[in-house]
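Below: one structure, written as structure tokens.
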Amino acid sequence: MLGGMQSVTDDQRVSDAYRRWARVEAGEGSPRYAEWALGVADDPWLCAAIAELEPLKRQANLLFAAARFEGVPLQPWSQVRDMIAGSWGRIRATMLARMTQTNEARRMATLLPAIAHLTGPIALVEVGASAGLCLYPDRWRYRFGPGRYAGDASLPLLETEASPSTPVPTHPPTVAWRGGLDLQPLDPDDPETRAWLEALVWPDATGGVDGARVDRVRTGIAIARRESAHVRRGDLMTDTRAVVEEAARHAPTVVVWHSAVLAYVPAAARVDFAELMRELPVTWVANEGGALELGPPAPWARPGDFVLRRDGEPLAITHPHGASITWIDDLPPVASER
């Protein structure tokens, strides 16, 4: 029976988690999702239904993406609550079958400054690669603010707001080989991949579809379909070494990067992965939530910030979806505690 085996504590944990997500994750940037999350938090039936899922499947962004994938429109909570409850069987099945695999290409604009110092061709490895859309930094042009461009003008554009000290690359890297790992890789040639990746795009500040982000998803898929990357099914702890060894056969410099991946990995495994990255002959670029301990602390990161790190060392604060990057030298002295 729905909720029959769940304790009140589990239901309350779901409610508290959705309330926090509304405040910290969605906030003013996505008021529609903040409203939905608060609606869930105040709904005992939905909290009980969600509490029946394993913790990894209770995420707000997974629920909302699954609901939209199953046809729920971006309307006020009062208009969609009964749609979600009435379609719960299908939505639940989608949540169980799929993962939050947001493949935001603009994150590359906040990753690139971490490797701006590298010269020569690189072999690029991404863990948690999804459909591999962030494996093509050389197939985009970048704008890091007024007059700060990198890349050929004929390429599609990625824009981010970069603080003055951010080391903007003069040009994107030459990628000699590109590959990655994912527990459930998505095929760019599969029409459902596009539908799922678009469902994962959060509504914009007006509460409607974020057309710019959807366009980036579609452009990224088109790029990935033209030039396949070597993305394989695998676990970052057990399979990264083999992918790095393969990558090293194609270029003298191997870069391993990832963004918004390690929050889904148990804390002990994160520690082991960080040790593996320091052991392997790679440049390791991590762009993850500031609360994750992957190296020296970043006390200047606020809730909701991502911290960009190279080989564990914190370099900058970034927006989770690539909208901005603030280099550590541009943080207020009090905030940076340096």
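Each chain in the structure tokens gets a letter, A, B, ..., in the order shown, and its residues are numbered from 1; ligands are numbered from 1 in order too.
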
Leaving out Arg141 in chain A and any residue of its chain fewer than 6 positions from it, which residues lie within 12 Å of it when counting only C-alpha atoms, given as an mmCIF file with C-alpha atoms, in the first residue's frame?
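Dumped to part_38.cif:
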data_model
loop_
_atom_site.group_PDB
_atom_site.id
_atom_site.type_symbol
_atom_site.label_atom_id
_atom_site.label_comp_id
_atom_site.auth_asym_id
_atom_site.auth_seq_id
_atom_site.Cartn_x
_atom_site.Cartn_y
_atom_site.Cartn_z
ATOM 1 C CA ALA A 105 27.135 22.384 -22.951
ATOM 2 C CA ARG A 106 27.634 25.865 -21.464
ATOM 3 C CA MET A 108 32.393 23.893 -20.889
ATOM 4 C CA ALA A 109 32.789 27.679 -20.787
ATOM 5 C CA LEU A 112 37.977 25.721 -20.012
ATOM 6 C CA ARG A 148 36.620 38.302 -24.646
ATOM 7 C CA TYR A 149 36.204 35.626 -27.291
ATOM 8 C CA ALA A 150 37.839 32.293 -28.016
ATOM 9 C CA GLY A 151 37.227 30.077 -30.996
ATOM 10 C CA ASP A 152 36.266 30.405 -34.636
ATOM 11 C CA ALA A 153 33.470 32.856 -35.406
ATOM 12 C CA SER A 154 31.750 30.267 -37.603
ATOM 13 C CA LEU A 155 31.069 27.959 -34.632
ATOM 14 C CA PRO A 156 28.006 28.025 -32.354
ATOM 15 C CA LEU A 157 28.431 30.314 -29.367
ATOM 16 C CA LEU A 158 28.581 29.593 -25.649
ATOM 17 C CA GLU A 159 28.458 32.610 -23.337
ATOM 18 C CA THR A 160 29.378 32.973 -19.685
ATOM 19 C CA PRO A 169 41.959 30.756 -23.233
ATOM 20 C CA THR A 170 43.106 32.300 -26.488
ATOM 21 C CA HIS A 171 41.499 29.410 -28.327
ATOM 22 C CA PRO A 172 39.794 26.135 -27.422
ATOM 23 C CA PRO A 173 42.061 23.106 -27.034
#

task = Write out as a list in words which residues come within 9 Å of Met277 in chain A when counting only C-alpha atoms, dropping same-chain ones fewer than 4 positions away.
result = Val256, Asp272, Phe273, Pro281, Val282, Thr283, Trp284, Asp311 and Gly312 of chain A

Can you spit out the residues from that selection as a tab-separated table (two decimals), in the first residue's frame, using N, CA and C atoms?
chain	number	residue	atom	x	y	z
A	256	VAL	N	40.88	14.87	-17.44
A	256	VAL	CA	39.66	14.25	-16.94
A	256	VAL	C	38.83	15.35	-16.30
A	272	ASP	N	37.79	8.14	-2.49
A	272	ASP	CA	38.58	7.18	-3.28
A	272	ASP	C	38.82	7.70	-4.69
A	273	PHE	N	37.80	8.34	-5.28
A	273	PHE	CA	37.96	8.86	-6.63
A	273	PHE	C	38.98	9.99	-6.66
A	281	PRO	N	48.24	9.99	-14.16
A	281	PRO	CA	48.95	11.09	-14.82
A	281	PRO	C	48.00	11.93	-15.68
A	282	VAL	N	47.10	12.66	-15.02
A	282	VAL	CA	46.10	13.45	-15.73
A	282	VAL	C	46.01	14.84	-15.11
A	283	THR	N	45.42	15.76	-15.87
A	283	THR	CA	44.96	17.02	-15.30
A	283	THR	C	43.49	16.82	-14.94
A	284	TRP	N	43.18	16.95	-13.66
A	284	TRP	CA	41.84	16.66	-13.17
A	284	TRP	C	41.10	17.96	-12.92
A	311	ASP	N	43.10	19.59	-10.11
A	311	ASP	CA	43.90	18.69	-9.28
A	311	ASP	C	43.59	18.91	-7.79
A	312	GLY	N	42.33	19.16	-7.50
A	312	GLY	CA	41.87	19.32	-6.13
A	312	GLY	C	41.91	20.74	-5.61

Exercise for the section: Compile the contact shell of Ile91 in chain A as a list in words: residues with an atom at most 7 Å away, counting only C-alpha atoms, same-chain residues fewer than 5 positions apart removed. Expected result: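 Contacts, in chain order: Ala66, Ala67 and Glu70 of chain A.
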
Keeping only C-alpha atoms, write the selected residues to a file as an mmCIF file, in the first residue's frame.
data_model
loop_
_atom_site.group_PDB
_atom_site.id
_atom_site.type_symbol
_atom_site.label_atom_id
_atom_site.label_comp_id
_atom_site.auth_asym_id
_atom_site.auth_seq_id
_atom_site.Cartn_x
_atom_site.Cartn_y
_atom_site.Cartn_z
ATOM 1 C CA ALA A 66 10.017 12.828 -15.445
ATOM 2 C CA ALA A 67 6.726 14.684 -15.090
ATOM 3 C CA GLU A 70 5.332 12.296 -19.405
#

| task | Show which residues sit within 6 Å of range 29-42 of chain A, as a PyMOL selection string. Count only C-alpha atoms, and ignore same-chain residues fewer than 3 positions away. | result | chain A and resi 15+18-19+22+26+77+203-205+207

Of A:Leu46, A:Arg213, A:Leu124, A:Arg139, the one sitting nearest Glu227 in chain A when using only C-alpha atoms is A:Arg139

Using only C-alpha atoms, the shortest atom-to-atom distance to Arg309 in chain A among A:Lys57, A:Arg194, A:His258, A:His321 belongs to A:His258
